[in-house]
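Trainee: I am attaching a structure below and will ask some questions about it afterwards.
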Amino acid sequence: MSRYIVGLTGGIGSGKTTVANLFGAKGIDLVDADIVAREIVEPGQPALEAIAERFGTDILANDGSLRRAQLRQIVFTDPQQRIWLEQLTHPLIRRRILDQLNQAQSSYAMLVSPLLLETNQRQLCNHILVVDLPESLQLERTARRDNNSLEQVKAIMKAQTSRANRLKQADSRIDNSQQPDSLNKQVDDLHQQFLSLATAHNETR
Ligand code: ADP
C-alpha cells in the first residue's frame, strides 16, 4: 500500500491531466477526483436518486444518466442548491477517494483534484504539487479544449481559488507555461524527490 500521497492540483485547464499522465507512465498509481465525482452519480448510485428527488426527473436523460450540464446550470446560479449538492456529494467523493488510495501499490500515490485546496481532500495528502501557468494561457487552453467562450471559462475560473492562493499552499510547483515537452524534465526531477520523501516518510512510521 502507498503510504505517501502527493496531491496534484491546479485550475481548470492548467494541465493536471497532462502532468498526471506523465507520473502514471512512471508507474505511479493515480486517483482522479473528477472521475470519482462522476462515478458517484452513475445510475444506480444513491446520490443520483437523491438528486432526482430534489430536482425532479427532468434532471435525468432518457437512459437514466445525469444531465450534468443542466445540474451545473442550476447550482451555478443558486448558491443554496450548490451547498446542498456539495453536502451530498463531497463526503461520498472523499470516501471513494480514500478507498482507491488505500488500494494504491506504487512507492507513492497521486491524488489529482481540481478542488484539493478548496475541500478537506488536502488532508489526505502529504505533499501538495501545483500546476502553474499565467491565467491568460489557462483561459486560452481551456477555451480551445472545451470549445467554450472565454466568458464561460472566466466564470469557472472565478469560482475557483486564485493562482496566488494556490501557490501559497504549494509544497512544489510545476511550470506549464511552455511547450508540453518542458514538463518531462520537471516530472523526472519531482518523481525522484517524491521517491525520497516517500522513503523517509515510511521510515519514520
Ligand atoms: P486540466 O486537467 O488541468 O483541466 P489538461 O491537462 O486537460 O488540464 O490541459 C488543458 C488543455 O491544454 C488540454 O487540451 C491539453 O492538451 C493542453 N495542454 C496542456 N499542457 C499544455 C502545454 N504545455 N502546451 C500546450 N497545450 C497544453
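Letters A, B, ... go to the chains of the C-alpha cells in the order shown; residues in each chain start at 1; ligands are counted from 1 in the same order.
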Write out as a ChimeraX atom specification all residues of stretch 52-107 of chain A that backbone DSSP assigns to alpha helix (DSSP H).
Mentor: /A:52-55,68-77,79-103
Trainee: So which residues touch A:Gln100 within 9 Å, counting only C-alpha atoms, skipping near sequence neighbours fewer than 5 positions away, as a PyMOL selection string?
Mentor: chain A and resi 30-31+95
Trainee: Would you mind exporting the chosen residues as a short mmCIF file (atom, residue, chain, number, x, y, z; two decimals), in the first residue's frame, restricted to N, CA, C and O atoms?
Mentor:
```
data_model
loop_
_atom_site.label_atom_id
_atom_site.label_comp_id
_atom_site.auth_asym_id
_atom_site.auth_seq_id
_atom_site.Cartn_x
_atom_site.Cartn_y
_atom_site.Cartn_z
N LEU A 30 -2.66 6.54 -9.82
CA LEU A 30 -3.36 7.83 -9.79
C LEU A 30 -4.80 7.64 -9.33
O LEU A 30 -5.46 6.68 -9.74
N VAL A 31 -5.27 8.57 -8.52
CA VAL A 31 -6.69 8.62 -8.20
C VAL A 31 -7.17 9.98 -8.69
O VAL A 31 -6.62 11.01 -8.30
N ARG A 95 -14.88 9.48 0.54
CA ARG A 95 -14.87 8.08 0.94
C ARG A 95 -14.28 7.20 -0.18
O ARG A 95 -13.43 6.36 0.02
#
```
Trainee: List all protein, DNA and RNA residues that have at least one atom no more than 10 Å from any atom of ligand 1, counting only C-alpha atoms and all ligand atoms, and write them as a VMD selection string.
Mentor: chain A and resid 8 to 21 32 34 112 to 114 131 to 133 137 to 146 175 to 183
Trainee: I'd like to know which of A:Gly7, A:Gly56, A:Pro79, A:Gly44 is closest to A:Val130, using only C-alpha atoms.
Mentor: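 That would be A:Gly7, the residue with the smallest distance to A:Val130.
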Trainee: Could you name the residues that touch A:Val36 at 8 Å or less, counting only C-alpha atoms, but leaving out those on the same chain fewer than 3 positions away, as a list in words?
Mentor: Asp32, Ala33, Glu39, Ile40, Ile93, Arg96 and Ile97 of chain A
Trainee: Which residue is closest to A:Gln160? Choose from A:Leu85, A:Leu116, A:Ile174, A:Val75 and count only C-alpha atoms.
Mentor: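 Among the listed residues, the smallest separation from A:Gln160 belongs to A:Leu116.
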Trainee: Between atom CA of A:Ser136 and atom CA of A:Asn165, what is the distance, to one decimal in Å?
Mentor: 16.9 Å
Trainee: What's the 12 Å shell around A:Ile51, counting only C-alpha atoms, without same-chain residues fewer than 6 positions away, as number ranges by chain?
Mentor: A: 40-45, 57-60, 65-68, 70-71, 74-75, 81-82, 84-89
Trainee: Nearest to A:Ala109: which of A:Ile35, A:Leu22, A:Ala61, A:Cys125 is it, counting only C-alpha atoms?
Mentor: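 Of A:Ile35, A:Leu22, A:Ala61, A:Cys125, the one nearest A:Ala109 is A:Cys125, counting only C-alpha atoms.
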Trainee: Quick check, in Å to one decimal: how far apart do atom CA of A:Ser172 and atom CA of A:Gln192 lie?
Mentor: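 Those two atoms sit 12.9 Å apart.
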Trainee: Using the chain letters and numbers from this document, which residues of stretch 47-166 of chain A does DSSP assign to strand (DSSP E), as a tab-separated table (two decimals) with all heavy atoms, in the first residue's frame?
Mentor:
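Generated file (part_25.tsv):
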```tsv
chain	number	residue	atom	x	y	z
A	109	ALA	N	1.51	7.49	-4.07
A	109	ALA	CA	0.33	7.58	-4.93
A	109	ALA	C	0.01	9.04	-5.15
A	109	ALA	O	0.48	9.91	-4.41
A	109	ALA	CB	-0.86	6.87	-4.27
A	110	MET	N	-0.76	9.30	-6.20
A	110	MET	CA	-1.08	10.70	-6.53
A	110	MET	C	-2.60	10.89	-6.60
A	110	MET	O	-3.30	10.13	-7.27
A	110	MET	CB	-0.43	11.04	-7.87
A	110	MET	CG	-0.57	12.49	-8.26
A	110	MET	SD	0.57	12.89	-9.61
A	110	MET	CE	2.04	13.35	-8.69
A	111	LEU	N	-3.06	11.90	-5.86
A	111	LEU	CA	-4.47	12.28	-5.92
A	111	LEU	C	-4.58	13.53	-6.79
A	111	LEU	O	-4.01	14.56	-6.46
A	111	LEU	CB	-5.00	12.57	-4.51
A	111	LEU	CG	-6.38	13.24	-4.41
A	111	LEU	CD1	-7.45	12.40	-5.10
A	111	LEU	CD2	-6.76	13.46	-2.94
A	112	VAL	N	-5.27	13.40	-7.91
A	112	VAL	CA	-5.41	14.51	-8.86
A	112	VAL	C	-6.78	15.14	-8.65
A	112	VAL	O	-7.80	14.47	-8.80
A	112	VAL	CB	-5.32	14.00	-10.32
A	112	VAL	CG1	-5.25	15.17	-11.30
A	112	VAL	CG2	-4.13	13.07	-10.48
A	127	HIS	N	1.86	15.96	0.52
A	127	HIS	CA	2.63	16.94	-0.25
A	127	HIS	C	1.72	17.52	-1.33
A	127	HIS	O	1.00	16.76	-1.99
A	127	HIS	CB	3.83	16.22	-0.88
A	127	HIS	CG	4.86	17.12	-1.47
A	127	HIS	ND1	6.02	17.46	-0.81
A	127	HIS	CD2	4.92	17.76	-2.68
A	127	HIS	CE1	6.76	18.27	-1.58
A	127	HIS	NE2	6.11	18.47	-2.73
A	128	ILE	N	1.76	18.83	-1.49
A	128	ILE	CA	0.88	19.47	-2.49
A	128	ILE	C	1.72	19.96	-3.67
A	128	ILE	O	2.65	20.77	-3.49
A	128	ILE	CB	0.12	20.68	-1.88
A	128	ILE	CG1	-0.66	20.29	-0.62
A	128	ILE	CG2	-0.79	21.33	-2.93
A	128	ILE	CD1	-1.87	19.43	-0.83
A	129	LEU	N	1.37	19.46	-4.86
A	129	LEU	CA	2.04	19.87	-6.10
A	129	LEU	C	1.05	20.67	-6.94
A	129	LEU	O	-0.04	20.17	-7.25
A	129	LEU	CB	2.50	18.63	-6.87
A	129	LEU	CG	3.04	18.84	-8.28
A	129	LEU	CD1	4.27	19.75	-8.28
A	129	LEU	CD2	3.40	17.50	-8.93
A	130	VAL	N	1.43	21.91	-7.27
A	130	VAL	CA	0.53	22.78	-8.03
A	130	VAL	C	1.04	22.94	-9.46
A	130	VAL	O	2.22	23.23	-9.67
A	130	VAL	CB	0.41	24.17	-7.34
A	130	VAL	CG1	-0.25	25.19	-8.26
A	130	VAL	CG2	-0.40	24.04	-6.04
A	131	VAL	N	0.15	22.73	-10.43
A	131	VAL	CA	0.48	23.01	-11.83
A	131	VAL	C	0.15	24.48	-12.05
A	131	VAL	O	-0.98	24.92	-11.86
A	131	VAL	CB	-0.36	22.17	-12.81
A	131	VAL	CG1	0.14	22.35	-14.23
A	131	VAL	CG2	-0.34	20.71	-12.42
A	132	ASP	N	1.17	25.23	-12.45
A	132	ASP	CA	1.03	26.68	-12.51
A	132	ASP	C	1.29	27.23	-13.92
A	132	ASP	O	2.14	26.71	-14.65
A	132	ASP	CB	2.03	27.31	-11.52
A	132	ASP	CG	1.91	28.81	-11.49
A	132	ASP	OD1	0.79	29.30	-11.28
A	132	ASP	OD2	2.94	29.49	-11.67
```
Trainee: Which residues come within 10 Å of A:Leu190, counting only C-alpha atoms, excluding same-chain residues fewer than 3 positions away, as a PDB file with N, CA, C and O atoms, in the first residue's frame?
Mentor:
```
ATOM      1  N   PHE A  23       3.242  11.116 -14.664  1.00  0.00           N
ATOM      2  CA  PHE A  23       3.537  10.340 -13.451  1.00  0.00           C
ATOM      3  C   PHE A  23       2.986   8.914 -13.599  1.00  0.00           C
ATOM      4  O   PHE A  23       3.621   7.945 -13.176  1.00  0.00           O
ATOM      5  N   LEU A 129       1.372  19.464  -4.858  1.00  0.00           N
ATOM      6  CA  LEU A 129       2.044  19.872  -6.097  1.00  0.00           C
ATOM      7  C   LEU A 129       1.046  20.672  -6.937  1.00  0.00           C
ATOM      8  O   LEU A 129      -0.039  20.174  -7.255  1.00  0.00           O
ATOM      9  N   SER A 172       5.359  22.076  -3.829  1.00  0.00           N
ATOM     10  CA  SER A 172       6.136  22.105  -5.073  1.00  0.00           C
ATOM     11  C   SER A 172       5.261  22.682  -6.170  1.00  0.00           C
ATOM     12  O   SER A 172       4.033  22.614  -6.095  1.00  0.00           O
ATOM     13  N   ARG A 173       5.937  23.200  -7.196  1.00  0.00           N
ATOM     14  CA  ARG A 173       5.210  23.832  -8.295  1.00  0.00           C
ATOM     15  C   ARG A 173       5.767  23.274  -9.589  1.00  0.00           C
ATOM     16  O   ARG A 173       6.975  23.035  -9.711  1.00  0.00           O
ATOM     17  N   ILE A 174       4.887  23.077 -10.557  1.00  0.00           N
ATOM     18  CA  ILE A 174       5.342  22.652 -11.875  1.00  0.00           C
ATOM     19  C   ILE A 174       4.899  23.739 -12.851  1.00  0.00           C
ATOM     20  O   ILE A 174       3.761  24.202 -12.803  1.00  0.00           O
ATOM     21  N   ASN A 184       8.594  17.123 -19.124  1.00  0.00           N
ATOM     22  CA  ASN A 184       9.261  15.842 -18.849  1.00  0.00           C
ATOM     23  C   ASN A 184      10.354  15.949 -17.792  1.00  0.00           C
ATOM     24  O   ASN A 184      10.400  15.164 -16.852  1.00  0.00           O
ATOM     25  N   LYS A 185      11.237  16.948 -17.968  1.00  0.00           N
ATOM     26  CA  LYS A 185      12.360  17.098 -17.038  1.00  0.00           C
ATOM     27  C   LYS A 185      11.846  17.440 -15.636  1.00  0.00           C
ATOM     28  O   LYS A 185      12.329  16.896 -14.636  1.00  0.00           O
ATOM     29  N   GLN A 186      10.859  18.318 -15.590  1.00  0.00           N
ATOM     30  CA  GLN A 186      10.302  18.700 -14.288  1.00  0.00           C
ATOM     31  C   GLN A 186       9.691  17.497 -13.581  1.00  0.00           C
ATOM     32  O   GLN A 186       9.873  17.298 -12.377  1.00  0.00           O
ATOM     33  N   VAL A 187       8.963  16.683 -14.359  1.00  0.00           N
ATOM     34  CA  VAL A 187       8.326  15.495 -13.764  1.00  0.00           C
ATOM     35  C   VAL A 187       9.395  14.495 -13.319  1.00  0.00           C
ATOM     36  O   VAL A 187       9.299  13.918 -12.230  1.00  0.00           O
ATOM     37  N   GLN A 193      12.352  13.272  -6.253  1.00  0.00           N
ATOM     38  CA  GLN A 193      12.107  13.892  -4.936  1.00  0.00           C
ATOM     39  C   GLN A 193      11.028  13.142  -4.167  1.00  0.00           C
ATOM     40  O   GLN A 193      11.167  12.885  -2.971  1.00  0.00           O
ATOM     41  N   PHE A 194       9.943  12.824  -4.858  1.00  0.00           N
ATOM     42  CA  PHE A 194       8.820  12.163  -4.172  1.00  0.00           C
ATOM     43  C   PHE A 194       9.211  10.760  -3.701  1.00  0.00           C
ATOM     44  O   PHE A 194       8.773  10.320  -2.646  1.00  0.00           O
ATOM     45  N   LEU A 195      10.059  10.091  -4.501  1.00  0.00           N
ATOM     46  CA  LEU A 195      10.511   8.761  -4.072  1.00  0.00           C
ATOM     47  C   LEU A 195      11.294   8.876  -2.761  1.00  0.00           C
ATOM     48  O   LEU A 195      11.088   8.090  -1.830  1.00  0.00           O
ATOM     49  N   SER A 196      12.181   9.897  -2.689  1.00  0.00           N
ATOM     50  CA  SER A 196      12.966  10.089  -1.453  1.00  0.00           C
ATOM     51  C   SER A 196      12.062  10.464  -0.290  1.00  0.00           C
ATOM     52  O   SER A 196      12.219   9.952   0.824  1.00  0.00           O
TER      53      SER A 196
END
```
Trainee: Distance atom CA of A:Val6-atom CA of A:Leu98, one decimal place?
Mentor: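 Taking atom CA of A:Val6 and atom CA of A:Leu98, their separation equals 13.2 Å.
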Trainee: Which is closest to A:Tyr108 among A:Asp189, A:Glu203, A:Asp29, A:Glu53, if we use only C-alpha atoms?
Mentor: A:Asp29
Trainee: Just checking: using only C-alpha atoms, which residue out of A:Ser107, A:Asn126, A:Thr77, A:Asn102 ends up closest to A:Asp171?
Mentor: A:Asn126
